[in-house]
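Novice: Pasting in a structure now, in structure tokens, and then I'll have a few things to ask.
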Amino acid sequence: MADDYLVRIGKLIRDARQHRGWTQTQLADALATSQSAVNRIERGNQNISLEMIARIGEALDSEIVSLGYAGPMHLRVVGGRRLSGAIDVKTSKNACVALLCGSLLNKGRTVLRRVARIEEVYRLLEVLNSIGVRTRWINDGKDLEIAPGADVDMAAIDASAARRTRSIIMFLGPLLHRLDNFKLPYAGGCDLGTRTIEPHMIALRRFGLEITATEGLYHAQVERGAAPDRPIVLTERGDTVTENALLAAARSDGVTVIRNASSNYMVQDLCFFLEALGVRVDGVGTTTLTVHGVPDIDMDVDYSPSEDPVEAMSLLAAAVVTESELTIRRVPVEFMEIELAVLEEMGLDHDRSAEYAADNGRTRLVDLTVRPSKLEAPIDKIHPMPFPGLNIDNVPFFAAIAAVAQGQTLIHDWVYDNRAIYLTDLNRLGGRLQLLDPHRVLVEGPTRWRAAEMMCPPALRPAVVVLLAMMAAEGTSVLRNVYVINRGYEELAERLNSVGAQIEIFRDI
């Protein structure tokens with residue numbers, strides 16, 4: 001029996017390593033062991049301690065065996081079923097993590113309504129709790145209360161939780177107003193290739209923050225009294241770098257102008273939250289933001305983040321690939337207008353309700369009903385652009401949609417180094433995707449999906465795309481180790497089951 005467990009654990013480690021794109025030697029280097037030892041572990045020929053399993057899981061950013069409960073989560077999908085009925089879009093994952101970081105600006109009580117209960121949020125809460133921030137779920141677990149208090153203890157930070165989320169980088173903006181020096185673990189999260197933090201450093205340096213990086217830590221030093229003396233021009237129109245600059249500017253005495261800013265949905269939600277904290281932000285929704293800083297923020301605030309356009313796109317794609325009629329409620333339409341325009345040109349049959357306001361009072365929502373459609377490949381390539389263009393995180397869903405359309409579709413995911421590569425996992429389910437280079441994929445449709453058992457890709461959106469294809473494939477598929485999906489989606493399997501899917505959650509160790 002013990003040998004059988006070793007073999008099964010070894011296979012999980014091998015699959016996680018291969019999907020990370022690592023060789024046995026690279027994993028051995030990360031573990032300070034030999035390639036031959038890794039080889040023996042993967043073949044089930046070496047006893048392995050719980051400590052080593054935990055180290056391997058951390059190195060690969062993958063749950064191999066989780067201490068305290070029964071192993072990594074897998075999904076068993078019975079495909080070929082039609083969806084029906086209606087499903088609500090949850091609040092934005094990316095907005096919620098930005099608001100959690102933003103709560104560090106406030107000495108008072110912050111209540112965030114309908115916070116997404118996802119792994120990414122849980123990791124940030126673990127970090128916040130470890131440094132002395134009090135958090136608790138209220139109103140039957142629907143809402144989250146945060147009380148940062150007067151001091152934070154960065155020496156006590158939960159480094160393991162911090163390394164499992166890229167969102168930790170957004171602690172820099174708020175913390176530079178609270179501490180003269182501190183250390184922050186390197187950011188982790190999805191495996192999407194090298195993503196430099198240099199744009200963050202360029203922006204935050206103007207507020208007196210200097211960073212040196214050694215031994216897996218950012219060492220931060222803050223020069224008190226520093227403030228931008230001219231507009232900050234971001235070298236990258238990224239969401240998190242814009243949010244970091246906003247968080248730094250919010251408590252900087254005076255007026256800060258941020259140019260080449262992202263105007264994406266999570267940035268807008270953060271701006272609305274800052275306004276609730278008494279920080280005036282001009283230009284919301286544009287690429288120039290003018291922030292009227294408030295040096296001290298100590299107030300009780302109650303804020304409702306808006307719905308997630310990427311989850312809305314996920315649910316829309318689920319309806320398309322399963323050839324279903326499905327109503328998706330509370331869709332933030334202003335952040336999906338380009339996607340819907342492209343899909344209309346491809347032949348999508350759908351209706352939308354009149355617009356109504358989200359709970360934040362600002363974001364425009366609609367209810368969207370999608371019906372089975374005969375789709376044609378788009379004439380132009382699918383590629384992301386900053387808002388109001390096609391959302392970067394919605395691009396992968398077009399791989400599954402293009403796979404059921406007639407003709408060839410070129411998808412150009414120019415932002416991330418590796419993400420397009422993971423889309424070719426659809427080939428194991430019957431797809432015909434040709435990788436032209438690390439950023440471009442040619443998709444041939446229509447597809448006759450077939451069931452398969454496979455490891456979950458280590459990037460969030462491609463992982464969900466694989467799950468949707470499994471829902472369309474006749475027969476039973478298995479998607480192993482879905483932690484990455486739980487990072488960004490709350491109870492996705494259960495919610496899809498509520499509209500007709502058949503997805504079983506199980507663990508094997």
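Ligands are numbered from 1 in the order shown, residues from 1 within each chain, and chains are lettered A, B, ... in the order they appear in the structure tokens.
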List as a PyMOL selection string the protein and nucleic acid residues near range 263-277 of chain A, meaning an atom at most 8 Å away when only C-alpha atoms are counted, but skip any in the same chain fewer than 5 places from it.
Specialist: chain A and resi 92+94-95+98-99+102+106+239+242-243+246+250+284-287+297+299+301-303+305-306+335+360+386-388
Novice: Write a file of the selected residues as a short mmCIF file (atom, residue, chain, number, x, y, z; two decimals), in the first residue's frame, keeping N, CA, C and O atoms.
Specialist:
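And here's result.cif as it stands now:
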```
data_model
loop_
_atom_site.label_atom_id
_atom_site.label_comp_id
_atom_site.auth_asym_id
_atom_site.auth_seq_id
_atom_site.Cartn_x
_atom_site.Cartn_y
_atom_site.Cartn_z
N SER A 92 -15.72 40.85 -8.62
CA SER A 92 -14.44 40.76 -9.30
C SER A 92 -13.32 40.30 -8.39
O SER A 92 -13.05 40.93 -7.36
N ASN A 94 -10.10 40.39 -9.15
CA ASN A 94 -8.99 41.35 -9.22
C ASN A 94 -9.30 42.64 -8.47
O ASN A 94 -8.41 43.27 -7.91
N ALA A 95 -10.58 43.03 -8.45
CA ALA A 95 -10.95 44.20 -7.65
C ALA A 95 -10.84 43.88 -6.16
O ALA A 95 -10.32 44.68 -5.38
N ALA A 98 -7.27 44.00 -4.88
CA ALA A 98 -6.79 45.38 -4.82
C ALA A 98 -7.38 46.11 -3.62
O ALA A 98 -6.68 46.88 -2.94
N LEU A 99 -8.66 45.86 -3.33
CA LEU A 99 -9.30 46.52 -2.20
C LEU A 99 -8.76 46.01 -0.87
O LEU A 99 -8.64 46.77 0.10
N GLY A 102 -5.72 47.86 -0.50
CA GLY A 102 -6.09 49.25 -0.24
C GLY A 102 -6.58 49.48 1.18
O GLY A 102 -6.46 50.59 1.71
N ASN A 106 -6.21 52.57 5.44
CA ASN A 106 -7.22 53.08 6.38
C ASN A 106 -6.96 52.57 7.78
O ASN A 106 -6.81 51.36 8.00
N ASP A 239 -2.38 46.93 -14.95
CA ASP A 239 -3.40 47.11 -13.92
C ASP A 239 -2.75 47.26 -12.54
O ASP A 239 -3.05 48.21 -11.81
N THR A 242 -0.67 50.45 -12.03
CA THR A 242 -1.55 51.62 -11.84
C THR A 242 -2.13 51.61 -10.43
O THR A 242 -2.19 52.65 -9.76
N GLU A 243 -2.57 50.45 -9.96
CA GLU A 243 -3.12 50.35 -8.62
C GLU A 243 -2.08 50.70 -7.56
O GLU A 243 -2.38 51.39 -6.57
N LEU A 246 -1.69 54.39 -7.51
CA LEU A 246 -2.87 54.99 -6.86
C LEU A 246 -2.79 54.85 -5.34
O LEU A 246 -3.08 55.80 -4.60
N ALA A 250 -2.60 58.00 -2.79
CA ALA A 250 -3.79 58.25 -1.96
C ALA A 250 -3.45 58.93 -0.64
O ALA A 250 -4.21 59.76 -0.15
N VAL A 284 -11.36 59.09 -13.73
CA VAL A 284 -11.62 57.64 -13.65
C VAL A 284 -12.17 57.15 -15.00
O VAL A 284 -13.09 57.75 -15.56
N GLY A 285 -11.61 56.07 -15.50
CA GLY A 285 -12.01 55.54 -16.80
C GLY A 285 -11.17 56.06 -17.95
O GLY A 285 -11.38 55.67 -19.09
N THR A 286 -10.19 56.94 -17.65
CA THR A 286 -9.28 57.46 -18.68
C THR A 286 -7.86 57.03 -18.34
O THR A 286 -7.61 56.39 -17.32
N THR A 287 -6.92 57.43 -19.18
CA THR A 287 -5.52 57.05 -18.96
C THR A 287 -4.74 58.11 -18.19
O THR A 287 -3.53 57.98 -18.00
N ILE A 297 -5.83 58.72 6.86
CA ILE A 297 -7.17 58.19 6.61
C ILE A 297 -7.56 57.33 7.81
O ILE A 297 -6.92 56.32 8.10
N MET A 299 -11.26 56.23 9.04
CA MET A 299 -12.71 56.32 8.94
C MET A 299 -13.29 54.94 8.71
O MET A 299 -12.61 54.02 8.24
N VAL A 301 -15.62 52.65 6.57
CA VAL A 301 -16.07 52.70 5.18
C VAL A 301 -16.73 51.38 4.81
O VAL A 301 -16.34 50.32 5.29
N ASP A 302 -17.73 51.46 3.96
CA ASP A 302 -18.49 50.30 3.50
C ASP A 302 -18.52 50.37 1.98
O ASP A 302 -19.00 51.36 1.41
N TYR A 303 -18.00 49.33 1.31
CA TYR A 303 -17.90 49.40 -0.16
C TYR A 303 -18.27 48.07 -0.79
O TYR A 303 -17.94 47.00 -0.27
N PRO A 305 -17.63 46.00 -4.18
CA PRO A 305 -16.96 45.86 -5.48
C PRO A 305 -17.94 45.34 -6.53
O PRO A 305 -18.92 44.66 -6.22
N SER A 306 -17.66 45.66 -7.79
CA SER A 306 -18.55 45.27 -8.87
C SER A 306 -18.28 43.85 -9.34
O SER A 306 -17.38 43.16 -8.84
N PHE A 335 -17.26 46.50 -19.70
CA PHE A 335 -15.95 45.86 -19.80
C PHE A 335 -16.00 44.60 -20.67
O PHE A 335 -15.07 43.80 -20.65
N ASN A 360 -22.03 49.24 -6.45
CA ASN A 360 -21.16 50.39 -6.20
C ASN A 360 -21.75 51.70 -6.76
O ASN A 360 -21.18 52.77 -6.58
N PRO A 386 -5.40 47.30 -24.05
CA PRO A 386 -5.86 47.94 -22.81
C PRO A 386 -7.30 48.42 -22.95
O PRO A 386 -7.75 48.72 -24.06
N PHE A 387 -8.01 48.50 -21.82
CA PHE A 387 -9.39 48.98 -21.84
C PHE A 387 -9.45 50.33 -22.56
O PHE A 387 -8.59 51.19 -22.36
N PRO A 388 -10.42 50.51 -23.47
CA PRO A 388 -11.63 49.70 -23.68
C PRO A 388 -11.48 48.60 -24.72
O PRO A 388 -12.49 48.19 -25.32
#
```
Novice: Which residues, written as an MDAnalysis selection string, have at least one atom at most 7 Å from Ser353 in chain A, with only C-alpha atoms counted and residues fewer than 2 positions away on the same chain left out?
Specialist: chainID A and resid 351 355 366:368
Novice: Could you take the residues named above and write them with N, CA, C and O atoms, as a PDB file, in the first residue's frame?
Specialist:
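Once written, again22.pdb looks like this:
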```pdb
ATOM      1  N   ASP A 351     -29.355  37.941 -26.451  1.00  0.00           N
ATOM      2  CA  ASP A 351     -30.124  39.127 -26.076  1.00  0.00           C
ATOM      3  C   ASP A 351     -29.518  39.697 -24.804  1.00  0.00           C
ATOM      4  O   ASP A 351     -28.917  38.969 -24.011  1.00  0.00           O
ATOM      5  N   GLU A 355     -29.776  48.238 -19.206  1.00  0.00           N
ATOM      6  CA  GLU A 355     -28.690  48.399 -18.243  1.00  0.00           C
ATOM      7  C   GLU A 355     -29.227  48.822 -16.875  1.00  0.00           C
ATOM      8  O   GLU A 355     -30.242  49.512 -16.770  1.00  0.00           O
ATOM      9  N   VAL A 366     -25.790  44.296 -17.187  1.00  0.00           N
ATOM     10  CA  VAL A 366     -26.920  43.777 -17.959  1.00  0.00           C
ATOM     11  C   VAL A 366     -27.079  42.300 -17.640  1.00  0.00           C
ATOM     12  O   VAL A 366     -26.170  41.663 -17.098  1.00  0.00           O
ATOM     13  N   ASP A 367     -28.232  41.749 -17.993  1.00  0.00           N
ATOM     14  CA  ASP A 367     -28.435  40.303 -18.007  1.00  0.00           C
ATOM     15  C   ASP A 367     -28.338  39.856 -19.459  1.00  0.00           C
ATOM     16  O   ASP A 367     -28.960  40.452 -20.349  1.00  0.00           O
ATOM     17  N   LEU A 368     -27.544  38.822 -19.688  1.00  0.00           N
ATOM     18  CA  LEU A 368     -27.217  38.387 -21.049  1.00  0.00           C
ATOM     19  C   LEU A 368     -27.735  36.965 -21.255  1.00  0.00           C
ATOM     20  O   LEU A 368     -27.423  36.063 -20.469  1.00  0.00           O
TER      21      LEU A 368
END
```
Novice: Pick out the residues sitting within 8 Å of Leu176 in chain A, and hand them over as an mmCIF file with all heavy atoms, in the first residue's frame; count only C-alpha atoms, and ignore anything fewer than 4 positions along from it in its own chain.
Specialist:
```cif
data_model
loop_
_atom_site.group_PDB
_atom_site.id
_atom_site.type_symbol
_atom_site.label_atom_id
_atom_site.label_comp_id
_atom_site.auth_asym_id
_atom_site.auth_seq_id
_atom_site.Cartn_x
_atom_site.Cartn_y
_atom_site.Cartn_z
ATOM 1 N N LEU A 172 3.164 47.317 -1.487
ATOM 2 C CA LEU A 172 4.215 48.335 -1.487
ATOM 3 C C LEU A 172 3.637 49.745 -1.376
ATOM 4 O O LEU A 172 4.128 50.565 -0.590
ATOM 5 C CB LEU A 172 5.068 48.211 -2.747
ATOM 6 C CG LEU A 172 5.943 46.958 -2.864
ATOM 7 C CD1 LEU A 172 6.608 46.902 -4.236
ATOM 8 C CD2 LEU A 172 6.989 46.911 -1.759
ATOM 9 N N ASP A 180 9.218 52.904 7.616
ATOM 10 C CA ASP A 180 10.413 53.470 6.990
ATOM 11 C C ASP A 180 11.229 52.405 6.265
ATOM 12 O O ASP A 180 11.942 52.712 5.310
ATOM 13 C CB ASP A 180 11.288 54.150 8.046
ATOM 14 C CG ASP A 180 10.642 55.407 8.606
ATOM 15 O OD1 ASP A 180 9.802 56.005 7.889
ATOM 16 O OD2 ASP A 180 10.954 55.781 9.744
ATOM 17 N N ASN A 181 11.124 51.164 6.727
ATOM 18 C CA ASN A 181 11.787 50.056 6.027
ATOM 19 C C ASN A 181 11.045 48.760 6.344
ATOM 20 O O ASN A 181 10.492 48.604 7.434
ATOM 21 C CB ASN A 181 13.279 49.957 6.389
ATOM 22 C CG ASN A 181 13.499 49.808 7.879
ATOM 23 O OD1 ASN A 181 13.306 48.736 8.440
ATOM 24 N ND2 ASN A 181 13.885 50.904 8.538
ATOM 25 N N LEU A 209 10.331 55.472 -2.306
ATOM 26 C CA LEU A 209 10.550 54.049 -2.052
ATOM 27 C C LEU A 209 11.721 53.541 -2.893
ATOM 28 O O LEU A 209 11.725 53.690 -4.113
ATOM 29 C CB LEU A 209 9.295 53.251 -2.398
ATOM 30 C CG LEU A 209 9.382 51.742 -2.132
ATOM 31 C CD1 LEU A 209 9.353 51.458 -0.642
ATOM 32 C CD2 LEU A 209 8.240 50.996 -2.824
ATOM 33 N N VAL A 222 12.287 53.742 2.742
ATOM 34 C CA VAL A 222 11.431 54.862 2.385
ATOM 35 C C VAL A 222 12.078 56.167 2.846
ATOM 36 O O VAL A 222 12.454 56.302 4.016
ATOM 37 C CB VAL A 222 10.029 54.728 3.025
ATOM 38 C CG1 VAL A 222 9.139 55.895 2.589
ATOM 39 C CG2 VAL A 222 9.396 53.393 2.638
ATOM 40 N N ALA A 248 -0.140 54.521 -3.509
ATOM 41 C CA ALA A 248 0.900 55.412 -2.993
ATOM 42 C C ALA A 248 0.431 56.859 -3.001
ATOM 43 O O ALA A 248 0.673 57.620 -2.057
ATOM 44 C CB ALA A 248 2.173 55.252 -3.812
#
```
Novice: Please identify all polymer residues within 8 Å of Thr327 in chain A, counting only C-alpha atoms, omitting same-chain residues fewer than 2 positions from it, and present them as a CSV table (one decimal) with C-alpha atoms, in the first residue's frame.
Specialist:
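Once written, selection.csv looks like this:
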```csv
chain,number,residue,atom,x,y,z
A,84,SER,CA,-30.0,25.9,-18.9
A,85,GLY,CA,-31.5,28.4,-16.6
A,86,ALA,CA,-29.7,31.4,-15.1
A,87,ILE,CA,-26.5,32.1,-13.2
A,325,GLU,CA,-29.2,28.5,-23.8
A,329,ARG,CA,-27.0,37.8,-14.8
A,367,ASP,CA,-28.4,40.3,-18.0
A,368,LEU,CA,-27.2,38.4,-21.0
A,369,THR,CA,-29.0,35.4,-22.6
A,370,VAL,CA,-26.9,33.3,-25.0
```
Novice: Have a look at A:Ile503, A:Leu365, A:Val115, A:Ala317 and name the one nearest to Leu468 in chain A; count only C-alpha atoms.
Specialist: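 Answer, going by the shortest atom-to-atom distance: A:Ala317.
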Novice: Residues of range 333-423 of chain A classed as strand (DSSP E) by DSSP on the backbone are to be reported as a list in words.
Specialist: Asp349, His350, Asp351, Arg352, Tyr356, Ala357, Arg364, Leu365, Val366, Asp367, Leu368, Thr369, Val370, Arg371, Gly407, Gln408, Thr409, Leu410, Ile411 and His412 of chain A
Novice: Dump C-alpha atoms for the selected residues as a PDB file, in the first residue's frame?
Specialist:
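Contents of the output file result.pdb:
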```
ATOM      1  CA  ASP A 349     -27.262  34.634 -31.010  1.00  0.00           C
ATOM      2  CA  HIS A 350     -27.922  36.535 -27.797  1.00  0.00           C
ATOM      3  CA  ASP A 351     -30.124  39.127 -26.076  1.00  0.00           C
ATOM      4  CA  ARG A 352     -29.290  41.609 -23.368  1.00  0.00           C
ATOM      5  CA  TYR A 356     -28.841  48.806 -14.459  1.00  0.00           C
ATOM      6  CA  ALA A 357     -26.347  49.924 -11.810  1.00  0.00           C
ATOM      7  CA  ARG A 364     -23.212  49.335 -15.685  1.00  0.00           C
ATOM      8  CA  LEU A 365     -24.682  45.809 -15.635  1.00  0.00           C
ATOM      9  CA  VAL A 366     -26.920  43.777 -17.959  1.00  0.00           C
ATOM     10  CA  ASP A 367     -28.435  40.303 -18.007  1.00  0.00           C
ATOM     11  CA  LEU A 368     -27.217  38.387 -21.049  1.00  0.00           C
ATOM     12  CA  THR A 369     -29.033  35.410 -22.620  1.00  0.00           C
ATOM     13  CA  VAL A 370     -26.900  33.270 -24.954  1.00  0.00           C
ATOM     14  CA  ARG A 371     -28.435  30.720 -27.335  1.00  0.00           C
ATOM     15  CA  GLY A 407     -12.758  28.111 -40.032  1.00  0.00           C
ATOM     16  CA  GLN A 408      -9.378  29.275 -38.747  1.00  0.00           C
ATOM     17  CA  THR A 409      -8.874  31.822 -35.973  1.00  0.00           C
ATOM     18  CA  LEU A 410      -5.551  33.423 -35.096  1.00  0.00           C
ATOM     19  CA  ILE A 411      -5.150  34.259 -31.412  1.00  0.00           C
ATOM     20  CA  HIS A 412      -2.286  36.596 -30.502  1.00  0.00           C
TER      21      HIS A 412
END
```
Novice: Give me the residues within 12 Å of Phe207 in chain A as an NGL selection string, counting only C-alpha atoms and dropping any in the same chain fewer than 5 places off.
Specialist: :A and (172-177 or 200-202 or 221-232 or 244-254 or 256)
Novice: Can I get the selection written as an mmCIF file, in the first residue's frame, with C-alpha atoms?
Specialist:
```cif
data_model
loop_
_atom_site.group_PDB
_atom_site.id
_atom_site.type_symbol
_atom_site.label_atom_id
_atom_site.label_comp_id
_atom_site.auth_asym_id
_atom_site.auth_seq_id
_atom_site.Cartn_x
_atom_site.Cartn_y
_atom_site.Cartn_z
ATOM 1 C CA LEU A 172 4.215 48.335 -1.487
ATOM 2 C CA GLY A 173 2.025 51.385 -2.181
ATOM 3 C CA PRO A 174 0.188 51.408 1.181
ATOM 4 C CA LEU A 175 3.126 50.249 3.319
ATOM 5 C CA LEU A 176 5.452 53.033 2.212
ATOM 6 C CA HIS A 177 3.215 55.407 4.212
ATOM 7 C CA HIS A 200 6.294 49.434 -10.132
ATOM 8 C CA MET A 201 9.724 50.528 -8.930
ATOM 9 C CA ILE A 202 9.882 53.432 -11.379
ATOM 10 C CA GLN A 221 13.613 51.742 2.283
ATOM 11 C CA VAL A 222 11.431 54.862 2.385
ATOM 12 C CA GLU A 223 12.692 58.446 2.242
ATOM 13 C CA ARG A 224 10.181 60.454 4.226
ATOM 14 C CA GLY A 225 8.864 63.676 2.681
ATOM 15 C CA ALA A 226 9.441 62.599 -0.914
ATOM 16 C CA ALA A 227 6.586 63.361 -3.304
ATOM 17 C CA PRO A 228 6.233 63.558 -7.091
ATOM 18 C CA ASP A 229 7.140 67.027 -8.375
ATOM 19 C CA ARG A 230 5.783 66.333 -11.855
ATOM 20 C CA PRO A 231 3.325 63.858 -13.417
ATOM 21 C CA ILE A 232 4.181 60.169 -13.102
ATOM 22 C CA ASN A 244 0.212 50.553 -6.783
ATOM 23 C CA ALA A 245 0.697 54.140 -7.949
ATOM 24 C CA LEU A 246 -2.867 54.986 -6.860
ATOM 25 C CA LEU A 247 -2.310 53.431 -3.434
ATOM 26 C CA ALA A 248 0.900 55.412 -2.993
ATOM 27 C CA ALA A 249 -0.708 58.651 -4.185
ATOM 28 C CA ALA A 250 -3.787 58.253 -1.961
ATOM 29 C CA ARG A 251 -1.902 59.210 1.203
ATOM 30 C CA SER A 252 0.696 61.467 -0.411
ATOM 31 C CA ASP A 253 0.081 65.059 0.650
ATOM 32 C CA GLY A 254 -0.835 67.087 -2.439
ATOM 33 C CA THR A 256 -0.416 63.428 -8.002
#
```
Novice: I'd like to know which of A:Gly500, A:Pro148, A:Gly431, A:Gly208 is closest to Leu83 in chain A, using only C-alpha atoms.
Specialist: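 Of A:Gly500, A:Pro148, A:Gly431, A:Gly208, the one nearest Leu83 in chain A, counting only C-alpha atoms, is A:Gly500.
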Novice: May I have the residues within 12 Å of Trp137 in chain A as a PyMOL selection string, using only C-alpha atoms and disregarding those fewer than 3 positions away in the same chain?
Specialist: chain A and resi 110-117+122+125+134+140-147
Novice: Show which residues sit within 8 Å of Arg280 in chain A, as an MDAnalysis selection string. Count only C-alpha atoms, and ignore same-chain residues fewer than 6 positions away.
Specialist: chainID A and resid 274 291:293
Novice: Write the residues of the selection above to a file with C-alpha atoms, as a compact mmCIF listing (two decimals), in the first residue's frame.
Specialist:
```txt
# COMPACT_ATOMS: atom_id res chain seq x y z
CA LEU A 274 -10.51 55.58 -2.61
CA VAL A 291 -5.23 61.99 -7.20
CA HIS A 292 -5.82 64.50 -4.40
CA GLY A 293 -4.06 62.75 -1.53
```
